[in-house]
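For reference, structure.csv (CSV, C-alpha atoms):
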```csv
chain,number,residue,atom,x,y,z
D,100,MET,CA,33.4,-41.5,24.7
D,101,ALA,CA,33.2,-44.3,27.2
D,102,ALA,CA,29.9,-45.2,28.9
D,103,VAL,CA,29.1,-43.9,32.3
D,104,ILE,CA,28.9,-47.0,34.5
D,105,VAL,CA,26.8,-46.8,37.7
D,106,ASP,CA,26.7,-49.4,40.4
D,107,THR,CA,23.0,-49.8,40.8
D,108,PRO,CA,19.8,-48.2,39.4
D,109,ASP,CA,19.6,-46.0,42.6
D,110,SER,CA,23.0,-44.6,41.6
D,111,LEU,CA,21.3,-42.9,38.6
D,112,LYS,CA,19.8,-40.4,41.0
D,113,GLU,CA,23.0,-38.3,41.1
D,114,TYR,CA,22.7,-37.7,37.3
D,115,VAL,CA,19.2,-36.2,37.3
D,116,GLY,CA,19.2,-33.0,35.4
D,117,LYS,CA,22.6,-33.7,33.9
D,118,GLU,CA,23.8,-34.7,30.5
D,119,ILE,CA,25.2,-38.2,31.0
D,120,GLY,CA,27.1,-38.4,27.7
D,121,VAL,CA,27.3,-38.6,24.0
D,122,SER,CA,27.3,-41.9,22.0
D,123,GLU,CA,29.7,-43.0,19.4
D,124,TRP,CA,29.0,-42.0,15.8
D,125,LEU,CA,27.1,-44.5,13.7
D,126,THR,CA,27.0,-44.4,9.9
D,127,ILE,CA,23.6,-45.0,8.4
D,128,THR,CA,24.1,-47.1,5.3
D,129,GLN,CA,21.7,-47.8,2.4
D,130,GLU,CA,21.9,-51.5,3.4
D,131,ARG,CA,20.7,-50.7,6.9
D,132,ILE,CA,17.9,-48.6,5.5
D,133,ALA,CA,16.9,-51.4,3.1
D,134,GLN,CA,16.9,-54.0,5.9
D,135,PHE,CA,14.7,-51.8,8.0
D,136,ALA,CA,12.3,-51.3,5.0
D,137,GLU,CA,12.0,-55.0,4.6
D,138,ALA,CA,11.5,-55.6,8.3
D,139,THR,CA,8.7,-53.0,8.6
D,140,GLU,CA,7.3,-53.3,5.0
D,141,ASP,CA,7.8,-49.6,4.6
D,142,ARG,CA,9.3,-49.5,1.1
D,143,GLN,CA,8.6,-45.9,0.2
D,144,TRP,CA,10.9,-44.7,-2.6
D,145,ILE,CA,12.4,-41.9,-0.5
D,146,HIS,CA,14.2,-44.7,1.4
D,147,LEU,CA,15.1,-47.1,-1.3
D,148,ASP,CA,15.2,-45.5,-4.8
D,149,ARG,CA,18.4,-43.5,-5.0
D,150,GLU,CA,18.0,-42.4,-8.6
D,151,ARG,CA,14.5,-41.1,-8.0
D,152,ALA,CA,15.5,-39.5,-4.7
D,153,GLU,CA,18.3,-37.7,-6.4
D,154,LYS,CA,15.9,-36.2,-9.0
D,155,GLU,CA,12.6,-35.7,-7.0
D,156,SER,CA,13.4,-35.6,-3.3
D,157,PRO,CA,14.2,-32.3,-1.6
D,158,PHE,CA,16.9,-34.2,0.3
D,159,GLY,CA,18.9,-35.1,-2.9
D,160,THR,CA,19.4,-38.7,-1.8
D,161,THR,CA,17.6,-41.5,0.0
D,162,ILE,CA,16.9,-41.0,3.7
D,163,ALA,CA,16.5,-43.2,6.7
D,164,HIS,CA,13.0,-43.9,8.1
D,165,GLY,CA,12.3,-41.8,11.1
D,166,PHE,CA,11.4,-45.0,13.0
D,167,LEU,CA,14.8,-46.5,12.1
D,168,THR,CA,16.5,-43.5,13.8
D,169,LEU,CA,14.2,-43.8,16.7
D,170,SER,CA,14.9,-47.5,17.1
D,171,LEU,CA,18.6,-46.8,17.4
D,172,ILE,CA,18.0,-45.0,20.7
D,173,SER,CA,18.4,-48.3,22.6
D,174,ARG,CA,21.8,-48.8,21.0
D,175,PHE,CA,22.9,-45.3,21.7
D,176,MET,CA,21.8,-45.5,25.3
D,177,LYS,CA,24.1,-48.6,25.8
D,178,ASP,CA,27.0,-46.4,24.5
D,179,VAL,CA,26.2,-43.8,27.1
D,180,ILE,CA,25.0,-45.4,30.4
D,181,GLN,CA,25.3,-48.9,31.9
D,182,VAL,CA,24.1,-50.2,35.3
D,183,ARG,CA,26.6,-52.7,36.7
D,184,SER,CA,24.4,-54.6,39.2
D,185,GLY,CA,21.0,-54.7,41.0
D,186,VAL,CA,19.0,-55.1,37.8
D,187,GLY,CA,17.0,-58.2,37.1
D,188,MET,CA,16.0,-56.8,33.8
D,189,ALA,CA,15.7,-53.4,32.1
D,190,ILE,CA,12.6,-52.7,30.0
D,191,ASN,CA,12.1,-50.1,27.4
D,192,TYR,CA,8.8,-48.7,28.9
D,193,GLY,CA,8.1,-46.3,26.1
D,194,LEU,CA,8.6,-42.9,24.6
D,195,ASN,CA,7.2,-39.4,25.0
D,196,ARG,CA,7.5,-36.3,22.8
D,197,VAL,CA,9.0,-37.9,19.7
D,198,ARG,CA,9.9,-35.6,16.8
D,199,PHE,CA,12.0,-35.8,13.6
D,200,PRO,CA,13.2,-32.2,13.0
D,201,SER,CA,15.5,-33.1,10.1
D,202,PRO,CA,16.2,-36.1,7.8
D,203,VAL,CA,19.0,-38.6,8.1
D,204,ARG,CA,20.6,-38.8,4.7
D,205,THR,CA,22.1,-42.1,3.5
D,206,GLY,CA,25.8,-42.3,4.4
D,207,SER,CA,25.5,-39.7,7.2
D,208,LYS,CA,26.8,-40.3,10.7
D,209,ILE,CA,24.5,-39.9,13.7
D,210,ARG,CA,25.0,-40.0,17.5
D,211,ALA,CA,22.9,-39.2,20.6
D,212,ARG,CA,23.2,-36.9,23.5
D,213,VAL,CA,21.6,-38.3,26.6
D,214,THR,CA,20.4,-36.4,29.6
D,215,LEU,CA,18.6,-37.9,32.6
D,216,LEU,CA,15.4,-36.0,33.3
D,217,SER,CA,14.0,-37.9,36.2
D,218,VAL,CA,14.0,-41.0,38.3
D,219,LYS,CA,11.1,-42.4,40.3
D,220,GLU,CA,10.1,-45.5,42.2
D,221,VAL,CA,7.3,-47.6,40.6
D,222,SER,CA,6.0,-51.0,41.6
D,223,GLY,CA,9.1,-53.2,41.8
D,224,ALA,CA,11.3,-51.0,39.7
D,225,LEU,CA,13.1,-47.7,39.3
D,226,GLU,CA,11.8,-45.7,36.3
D,227,ALA,CA,14.2,-43.3,34.6
D,228,SER,CA,13.2,-40.8,31.9
D,229,PHE,CA,16.0,-39.7,29.5
D,230,SER,CA,16.1,-36.9,27.0
D,231,VAL,CA,17.7,-38.3,23.8
D,232,VAL,CA,18.7,-35.9,21.1
D,233,VAL,CA,20.0,-37.6,18.0
D,234,GLU,CA,22.2,-35.4,15.8
D,235,SER,CA,23.6,-35.8,12.3
D,236,GLU,CA,27.3,-34.9,11.8
D,237,GLY,CA,27.3,-31.4,10.4
D,238,GLY,CA,23.6,-31.0,10.7
D,239,GLU,CA,22.0,-27.7,11.9
D,240,LYS,CA,19.1,-29.3,13.7
D,241,PRO,CA,18.7,-32.7,15.5
D,242,CYS,CA,17.3,-35.5,13.4
D,243,CYS,CA,15.3,-37.1,16.3
D,244,VAL,CA,14.3,-35.8,19.7
D,245,ALA,CA,12.6,-38.1,22.2
D,246,GLU,CA,12.0,-38.8,25.8
D,247,SER,CA,12.9,-42.5,26.5
D,248,ILE,CA,11.6,-44.2,29.6
D,249,VAL,CA,13.4,-47.2,31.0
D,250,ARG,CA,12.3,-49.3,33.9
D,251,TYR,CA,15.0,-51.1,35.9
D,252,TYR,CA,13.5,-54.1,37.7
D,253,ARG,CA,15.4,-55.3,40.7
```
Structure re-expressed in structure tokens:
Amino acid sequence: MAAVIVDTPDSLKEYVGKEIGVSEWLTITQERIAQFAEATEDRQWIHLDRERAEKESPFGTTIAHGFLTLSLISRFMKDVIQVRSGVGMAINYGLNRVRFPSPVRTGSKIRARVTLLSVKEVSGALEASFSVVVESEGGEKPCCVAESIVRYYR
């Protein structure tokens, strides 16, 4: 699905309360998981030791770090919404209500559904809150649910 492109941050206002779109699928490889483990120094066996995970983990294989899934929200947001002009810089201002309802198994494909919850003026910027629901292909429950806050500075 192609990204929704709005002219300016103020143009976002017409999308409040609406699902903006769904990102492209992204395959979560063992290599990506291992790179994340190294970058964060979180080398727990459920992420890196496939043989042990197959024997001992309730998931039957290695799984991605929840924070890896969460960190991909910025990438998914670019797939879904872009502001053409009127932005000096866009800042990831933070997150609210983050949960990981189900695991992301190695080799699975994930994507995000993005809904604009609100837009408000703050000092020198427009602050937008997005609901981001990351789902795994064929999964019954989302693998990550978060409210992402972006500030668009003019």
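Using all atoms listed in the file, the shortest contact distance between Ser201 in chain D and any of D:Val121, D:Ala163, D:Ile145, D:Val249 is found at D:Ala163.
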Radius query 10 Å about (21.6, -30.5, 28.3), atoms used: all atoms listed in the file, as a list in words:
Gly116, Lys117, Glu118, Ile119, Gly120, Arg212, Val213, Thr214, Leu215, Leu216, Ser230, Val231 and Val232 of chain D
Taking all atoms of range 112-117 of chain D that the file lists, what box with edges along x, y and z, padded by 3 Å per side, do you get, with centre and edge lengths in Å to one decimal, as lines of an AutoDock Vina configuration file?
```
center_x = 21.1
center_y = -36.7
center_z = 37.5
size_x = 9.8
size_y = 13.4
size_z = 13.2
```
Counting only C-alpha atoms, the option among D:Trp124, D:Gly185, D:Tyr114, D:Pro202 closest to Ser228 in chain D
D:Tyr114
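Take the candidates D:Ile209, D:Met188, D:Ala101, D:Ile180 and check each one against Glu236 in chain D using all atoms listed in the file; the shortest distance goes to D:Ile209.
Going from CA of Glu246 in chain D to CA of Leu147 in chain D covers 28.5 Å.
Omitting Gln143 in chain D and its sequence neighbours fewer than 5 positions away, and counting all atoms listed in the file, the residues within 12 Å are Ile132, Ala133, Phe135, Ala136, Glu137, Asp148, Arg149, Arg151, Ala152, Ser156, Thr161, Ile162, Ala163 and His164 of chain D.
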Could you state the separation of CA of Val105 in chain D and CA of Leu167 in chain D in Å, given to one decimal place?
28.3 Å
Which protein, DNA or RNA residues are at most 7 Å from (26.1, -44.8, 34.4) in the file's coordinates when you count only C-alpha atoms, listed as a short mmCIF file (atom, residue, chain, number, x, y, z; two decimals) with C-alpha atoms, in the frame of the given file?
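And here's result_1.cif as it stands now:
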```
data_model
loop_
_atom_site.label_atom_id
_atom_site.label_comp_id
_atom_site.auth_asym_id
_atom_site.auth_seq_id
_atom_site.Cartn_x
_atom_site.Cartn_y
_atom_site.Cartn_z
CA ALA D 102 29.90 -45.20 28.90
CA VAL D 103 29.10 -43.90 32.30
CA ILE D 104 28.90 -47.00 34.50
CA VAL D 105 26.80 -46.80 37.70
CA LEU D 111 21.30 -42.90 38.60
CA ILE D 180 25.00 -45.40 30.40
CA GLN D 181 25.30 -48.90 31.90
CA VAL D 182 24.10 -50.20 35.30
#
```
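The coordinates place CA of Asp106 in chain D at 5.0 Å from CA of Arg183 in chain D.
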Compile the contact shell of Ile127 in chain D as a PyMOL selection string: residues with an atom at most 7 Å away, counting all atoms listed in the file, same-chain residues fewer than 6 positions apart removed.
chain D and resi 205-208
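The shortest atom-to-atom distance to Glu123 in chain D, with only C-alpha atoms taken into account, belongs to D:Arg210 out of D:Lys219, D:Arg210, D:Lys154, D:His146.
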